[in-house]
Amino acid sequence: MKENKKTCTYIGGQAVIEGVMMRGKRAMATAVRDPEGEIQIESERLTPPEKRSKFSRLPIIRGMINFVTSLIDGNRVLMRSADVAMPDDEQPSKAEKWLQEKHKINLNAVINTVAVVLGVALALLIFIALPQFVTGFLPFEGTSGGLDGLWFNLIEGGIRLLIFVAYILLISLIPDLRRVFMCHGAEHKTITCYEEGKELTVENVRGCSRVHDRCGTTFLFLVMIVSILVFSLVNVVAAEWLYVSSAKWNKLIRFGLKILMLPIVAGVSYEVLKLLAKTESKFFYVFKIPGLLLQRLTTKEPEDGMIECAIKAFETVLAMDADESIPERVFATSGRMGTLLKNTKQRFASSGIEEDEAEWIFAIVLGIPKSAVASEEQLIKMAQAKEIVKIANERLTGKPLWYIIGDTEFYGYKIKVDERVLIPRPETEELAQLVIGAAEEGNQILDLCTGSGAIAIAVYNELLKTNRPVKVTATDISAEALELAKENAAANGAEVLFLQSDLFTRIRGRFDLIVSNPPYIPSEQIETLQTEVKEYEPRLALDGGADGLDFYRRIAQEAGKYLNRGGSILMEVGVGQAAEVVKFFKGCSYSMIIKDFNNVDRFVKIVI
């Protein structure tokens with residue numbers, strides 16, 4: 001990126017506790033530093049302007065909508081930043097548990113809602129009711145029209161501005177809020193650095209100005225100026241049609257009108273702010289000066305760590321606005337498991353991932369049964385939350401969950417899996433069960449296309465448990481898959497002979513039972529599979545040729561040479577393939593198609 005090249009950006013932001021929120025056209029991201037010193041990022045997708053209704057994009061209307069959404073979203077991200085920067089590790093009280101379990105009421109959510117309502121009420125009291133009360137001592141009435149009404153509103157606006165400045169000066173004395181002002185400075189500096197065409201580094205950002213044309217402080221100043229004009233015009237109409245002879249009633253009417261006109265004031269102020277931000281004219285600069293001066297109060301020089309947060313948030317929004325495939329992220333916060341579980345399920349659902357996988361992640365990390373996850377209201381620690389979020393984020397890239405975890409369970413045995421082998425499916429356990437049920441003591445069993453070795457391990461160990469020891473040989477064409485299969489056999493105490501072989505090419509001797517779950521996906525269909533399958537699982541273990549039946553043809557042609565009289569073959573097949581596979585075994589003494597637990601023709605049994 002070249003230096004000193006002016007780059008306009010639509011990205012704006014907000015300071016939060018120990019971090020910064022940035023908002024673009026299609027995404028919003030908040031970066032906060034947690035007590036352990038790590039920067040956590042939470043991001044979400046927004047509806048882009050072009051997909052919103054035409055009405056919501058109209059001048060004035062868009063400012064009104066932006067005012068309300070900024071208020072709601074601003075408070076929400078502020079509360080979320082507090083969850084990260086100041087985690088609550090206390091166990092929920094009995095009252096909280098009772099409200100949650102019996103009435104599905106989240107006490108924290110209720111408290112946050114009450115805090116927002118009280119905050120809005122306090123703002124109305126300080127910035128509308130108080131100035132109106134003070135101007136009540138003026139020698140002329142605010143209910144009159146003409147110049148008296150204009151002067152009254154000018155004085156009231158001036159008082160409101162003085163109260164605003166005094167309020168800022170007062171809260172800047174609070175250490176925690178002073179740090180928020182520092183984060184505000186980091187936000188401005190980062191945006192300015194990008195607009196100046198500089199690389200977003202801490203050093204470059206630190207050298208930029210901490211005041212910006214599109215700041216919320218400037219917006220609030222414009223609100224006060226515009227309110228004087230709007231309230232004056234409304235006052236003229238009210239003097240003619242609304243005001244009555246009672247001074248007390250007139251004060252209430254004036255107060256109510258100001259509240260009703262706030263959206264209009266916000267809408268007009270938004271348009272003025274956009275206009276001033278677009279121009280570099282010296283004539284209009286005079287209108288910017290008061291807002292820029294006020295920013296000197298609401299922004300402070302940030303620490304390097306705050307700048308790093310601002311850069312992370314900005315770059316996240318920039319990337320998400322440019323690439324819709326980038327998934328959302330959530331904070332890893334200590335607290336009740338339910339909130340993080342709900343967020344994780346929502347993220348998975350929006351990306352087409354089964355919500356069931358979210359429960360598996362929680363069960364594995366927390367060491368609790370999966371069946372207990374949905375109803376579990378225990379507190380989770382920050383470290384546990386981070387591990388959950390880390391796994392979920394990696395899952396959202398498309399990588400299969402069990403590759404991320406590193407192992408999966410098959411027939412009660414822990415089987416290590418990675419990109420060298422397919423992840424064993426639940427229906428394959430049924431294939432193992434069929435083999436276990438058919439085998440007899442002393443049988444020689446051959447497992448073709450063993451992959452992770454899951455079937456061979458389960459068969460060997462389960463038959464040994466039932467005093468039917470057998471000899472198991474397992475083959476695969478992939479040396480890497482066999483290496484992993486050997487690890488799994490050793491870890492589970494299964495004495496299996498592993499051979500690298502393309503089906504029967506290196507097999508010697510005869511067997512009583514042959515089992516196989518070979519590749520059966522038609523070549524052209526592989527690209528239509530889910531991302532986690534086509535991009536991560538080995539194609540060698542998926543591709544069954546043009547019609548998916550190549551391996552079954554070869555097994556049908558050669559198996560007779562390696563089976564003892566009366567020996568049988570048990571195979572897993574793809575949906576709709578069972579009948580075709582049976583046809584390959586001409587001259588067999590017996591064939592059978594077996595359904596899986598989903599009532600799908602999934603297995604074929606052949607007796608030679």
# chains A, B, ... in the order shown; residues from 1 in each chain; ligands from 1
$ residues_around --residues "Ile569 (chain A)" --least-positions-apart "3" --cutoff "9 Å" --atoms "only C-alpha atoms" --output "PyMOL selection string"
chain A and resi 512-516+559+563+604-608
$ write_last_selection --atoms "N, CA and C atoms" --output "PDB file, in the first residue's frame"
ATOM      1  N   ASP A 512     -11.791 -67.182   6.041  1.00  0.00           N
ATOM      2  CA  ASP A 512     -13.167 -67.622   6.287  1.00  0.00           C
ATOM      3  C   ASP A 512     -14.172 -66.488   6.062  1.00  0.00           C
ATOM      4  N   LEU A 513     -13.663 -65.275   6.226  1.00  0.00           N
ATOM      5  CA  LEU A 513     -14.561 -64.125   6.089  1.00  0.00           C
ATOM      6  C   LEU A 513     -13.779 -62.927   5.574  1.00  0.00           C
ATOM      7  N   ILE A 514     -14.329 -62.273   4.561  1.00  0.00           N
ATOM      8  CA  ILE A 514     -13.730 -61.044   4.033  1.00  0.00           C
ATOM      9  C   ILE A 514     -14.699 -59.894   4.291  1.00  0.00           C
ATOM     10  N   VAL A 515     -14.191 -58.819   4.862  1.00  0.00           N
ATOM     11  CA  VAL A 515     -15.009 -57.629   5.114  1.00  0.00           C
ATOM     12  C   VAL A 515     -14.379 -56.446   4.388  1.00  0.00           C
ATOM     13  N   SER A 516     -15.217 -55.583   3.847  1.00  0.00           N
ATOM     14  CA  SER A 516     -14.657 -54.429   3.132  1.00  0.00           C
ATOM     15  C   SER A 516     -15.651 -53.261   3.103  1.00  0.00           C
ATOM     16  N   ALA A 559     -12.294 -62.618  -5.249  1.00  0.00           N
ATOM     17  CA  ALA A 559     -12.508 -63.105  -3.872  1.00  0.00           C
ATOM     18  C   ALA A 559     -12.546 -64.626  -3.767  1.00  0.00           C
ATOM     19  N   LEU A 563     -11.133 -67.324  -0.520  1.00  0.00           N
ATOM     20  CA  LEU A 563     -12.124 -67.726   0.472  1.00  0.00           C
ATOM     21  C   LEU A 563     -12.153 -69.249   0.643  1.00  0.00           C
ATOM     22  N   VAL A 604     -24.100 -55.747   1.919  1.00  0.00           N
ATOM     23  CA  VAL A 604     -24.305 -56.921   1.071  1.00  0.00           C
ATOM     24  C   VAL A 604     -23.531 -58.085   1.677  1.00  0.00           C
ATOM     25  N   LYS A 605     -24.210 -59.230   1.817  1.00  0.00           N
ATOM     26  CA  LYS A 605     -23.547 -60.432   2.303  1.00  0.00           C
ATOM     27  C   LYS A 605     -23.554 -61.477   1.191  1.00  0.00           C
ATOM     28  N   ILE A 606     -22.378 -61.988   0.898  1.00  0.00           N
ATOM     29  CA  ILE A 606     -22.219 -62.999  -0.156  1.00  0.00           C
ATOM     30  C   ILE A 606     -21.588 -64.251   0.454  1.00  0.00           C
ATOM     31  N   VAL A 607     -22.170 -65.387   0.187  1.00  0.00           N
ATOM     32  CA  VAL A 607     -21.587 -66.658   0.622  1.00  0.00           C
ATOM     33  C   VAL A 607     -21.181 -67.434  -0.627  1.00  0.00           C
ATOM     34  N   ILE A 608     -19.919 -67.760  -0.692  1.00  0.00           N
ATOM     35  CA  ILE A 608     -19.396 -68.447  -1.885  1.00  0.00           C
ATOM     36  C   ILE A 608     -19.742 -69.933  -1.836  1.00  0.00           C
TER      37      ILE A 608
END
$ residues_around --residues "Glu308 (chain A)" --least-positions-apart "2" --cutoff "9 Å" --atoms "only C-alpha atoms" --output "tab-separated table (two decimals) with N, CA and C atoms, in the first residue's frame"
chain	number	residue	atom	x	y	z
A	19	GLY	N	-11.01	-2.39	24.31
A	19	GLY	CA	-10.98	-2.77	22.90
A	19	GLY	C	-11.73	-1.81	22.01
A	31	ALA	N	-12.78	-6.26	18.83
A	31	ALA	CA	-11.55	-6.86	19.34
A	31	ALA	C	-11.31	-6.35	20.75
A	39	ILE	N	-5.83	-11.04	22.53
A	39	ILE	CA	-6.87	-10.29	21.84
A	39	ILE	C	-7.92	-11.26	21.34
A	186	ALA	N	-7.64	5.15	19.73
A	186	ALA	CA	-7.07	4.09	18.89
A	186	ALA	C	-7.94	3.83	17.68
A	201	THR	N	0.20	-0.60	10.95
A	201	THR	CA	1.10	-1.07	11.99
A	201	THR	C	0.93	-0.17	13.20
A	202	VAL	N	1.34	-0.65	14.36
A	202	VAL	CA	1.20	0.15	15.58
A	202	VAL	C	1.95	1.46	15.44
A	303	GLU	N	-2.74	3.27	24.33
A	303	GLU	CA	-1.61	2.37	24.52
A	303	GLU	C	-1.44	1.52	23.26
A	304	ASP	N	-0.27	0.95	23.11
A	304	ASP	CA	0.00	0.11	21.93
A	304	ASP	C	-0.98	-1.06	21.85
A	305	GLY	N	-1.32	-1.64	23.00
A	305	GLY	CA	-2.24	-2.77	23.01
A	305	GLY	C	-3.62	-2.40	22.51
A	306	MET	N	-4.05	-1.18	22.78
A	306	MET	CA	-5.34	-0.70	22.29
A	306	MET	C	-5.31	-0.52	20.78
A	310	ALA	N	-7.61	-2.24	17.78
A	310	ALA	CA	-8.28	-1.48	16.72
A	310	ALA	C	-7.89	-2.01	15.34
A	311	ILE	N	-6.61	-2.32	15.17
A	311	ILE	CA	-6.14	-2.85	13.88
A	311	ILE	C	-6.79	-4.20	13.59
A	312	LYS	N	-6.83	-5.07	14.61
A	312	LYS	CA	-7.44	-6.40	14.42
A	312	LYS	C	-8.90	-6.28	14.02
A	313	ALA	N	-9.63	-5.40	14.70
A	313	ALA	CA	-11.06	-5.23	14.39
A	313	ALA	C	-11.24	-4.68	12.99
$ residues_around --residues "Met261 (chain A)" --least-positions-apart "4" --cutoff "10 Å" --atoms "only C-alpha atoms" --output "JSON, numbers by chain"
{"A": [227, 230, 231, 234, 256, 257, 265, 266, 267]}
$ write_last_selection --atoms "C-alpha atoms" --output "PDB file, in the first residue's frame"
ATOM      1  CA  SER A 227     -32.099  20.322  17.786  1.00  0.00           C
ATOM      2  CA  VAL A 230     -35.872  21.802  14.834  1.00  0.00           C
ATOM      3  CA  PHE A 231     -37.212  22.589  18.305  1.00  0.00           C
ATOM      4  CA  VAL A 234     -41.757  22.910  16.287  1.00  0.00           C
ATOM      5  CA  GLY A 256     -42.860  15.289  24.965  1.00  0.00           C
ATOM      6  CA  LEU A 257     -42.368  17.119  21.655  1.00  0.00           C
ATOM      7  CA  VAL A 265     -33.075  15.536  14.768  1.00  0.00           C
ATOM      8  CA  ALA A 266     -30.900  12.422  14.513  1.00  0.00           C
ATOM      9  CA  GLY A 267     -31.830  11.909  10.852  1.00  0.00           C
TER      10      GLY A 267
END
$ select_by_dssp --residues "region 260-476 of chain A" --states "strand (DSSP E or B)" --output "list in words"
Arg329, Gly335, Arg336, Leu379, Ile380, Asp407, Thr408, Glu409, Phe410, Tyr413, Lys414, Ile415, Lys416, Gln444, Ile445, Leu446, Asp447, Leu448, Lys471, Val472, Thr473, Ala474, Thr475 and Asp476 of chain A
$ select_by_dssp --residues "region 454-487 of chain A" --states "alpha helix (DSSP H)" --output "PyMOL selection string"
chain A and resi 454-465+479-487
$ closest_residue --among "A:Leu78, A:Glu387, A:Thr531, A:Ile41" --to "Ser351 (chain A)" --atoms "only C-alpha atoms"
A:Thr531
$ closest_residue --among "A:Met21, A:Lys278, A:Lys54, A:Arg347" --to "Thr190 (chain A)" --atoms "only C-alpha atoms"
A:Met21
$ atom_distance --atom1 "CA of Trp360 (chain A)" --atom2 "CA of Thr408 (chain A)"
10.8 Å
$ residues_around --residues "Tyr10 (chain A)" --least-positions-apart "2" --cutoff "7 Å" --atoms "only C-alpha atoms" --output "PyMOL selection string"
chain A and resi 8+12+24
$ write_last_selection --atoms "N, CA and C atoms" --output "PDB file, in the first residue's frame"
ATOM      1  N   CYS A   8     -10.558   6.696   0.921  1.00  0.00           N
ATOM      2  CA  CYS A   8     -11.803   6.865   1.668  1.00  0.00           C
ATOM      3  C   CYS A   8     -12.318   5.499   2.124  1.00  0.00           C
ATOM      4  N   GLY A  12     -16.597   2.546  10.170  1.00  0.00           N
ATOM      5  CA  GLY A  12     -16.610   3.381  11.360  1.00  0.00           C
ATOM      6  C   GLY A  12     -16.449   2.510  12.584  1.00  0.00           C
ATOM      7  N   GLY A  24     -18.525  -2.225   9.197  1.00  0.00           N
ATOM      8  CA  GLY A  24     -18.486  -1.952   7.764  1.00  0.00           C
ATOM      9  C   GLY A  24     -19.860  -2.071   7.153  1.00  0.00           C
TER      10      GLY A  24
END
$ closest_residue --among "A:Leu233, A:Val533, A:Ala432, A:Ile228" --to "Ile155 (chain A)" --atoms "only C-alpha atoms"
A:Ile228
$ atom_distance --atom1 "CA of Leu154 (chain A)" --atom2 "CA of Val117 (chain A)"
28.7 Å
$ atom_distance --atom1 "CA of Leu448 (chain A)" --atom2 "CA of Gly398 (chain A)"
28.9 Å
$ closest_residue --among "A:Glu156, A:Arg395, A:Lys274, A:Asn517" --to "Gly544 (chain A)" --atoms "only C-alpha atoms"
A:Asn517
$ closest_residue --among "A:Cys588, A:Ile423, A:Ile128, A:Leu549" --to "Leu260 (chain A)" --atoms "only C-alpha atoms"
A:Ile128
$ closest_residue --among "A:Val16, A:Leu540, A:Val237, A:Val317" --to "Met28 (chain A)" --atoms "only C-alpha atoms"
A:Val317
$ closest_atom_pairs --of "region 34-57 of chain A" --to "region 331-334 of chain A" --cutoff "12 Å" --atoms "only C-alpha atoms" --output "tab-separated table"
residue	atom	partner	partner_atom	distance
A:Asp34	CA	A:Thr333	CA	9.0
A:Pro35	CA	A:Thr333	CA	10.8
A:Glu36	CA	A:Thr333	CA	11.8
A:Glu38	CA	A:Ala332	CA	10.8
A:Ile39	CA	A:Phe331	CA	9.8
A:Gln40	CA	A:Phe331	CA	6.1
A:Ile41	CA	A:Phe331	CA	6.1
A:Glu42	CA	A:Phe331	CA	5.2
A:Ser43	CA	A:Phe331	CA	8.7
A:Glu44	CA	A:Phe331	CA	11.3
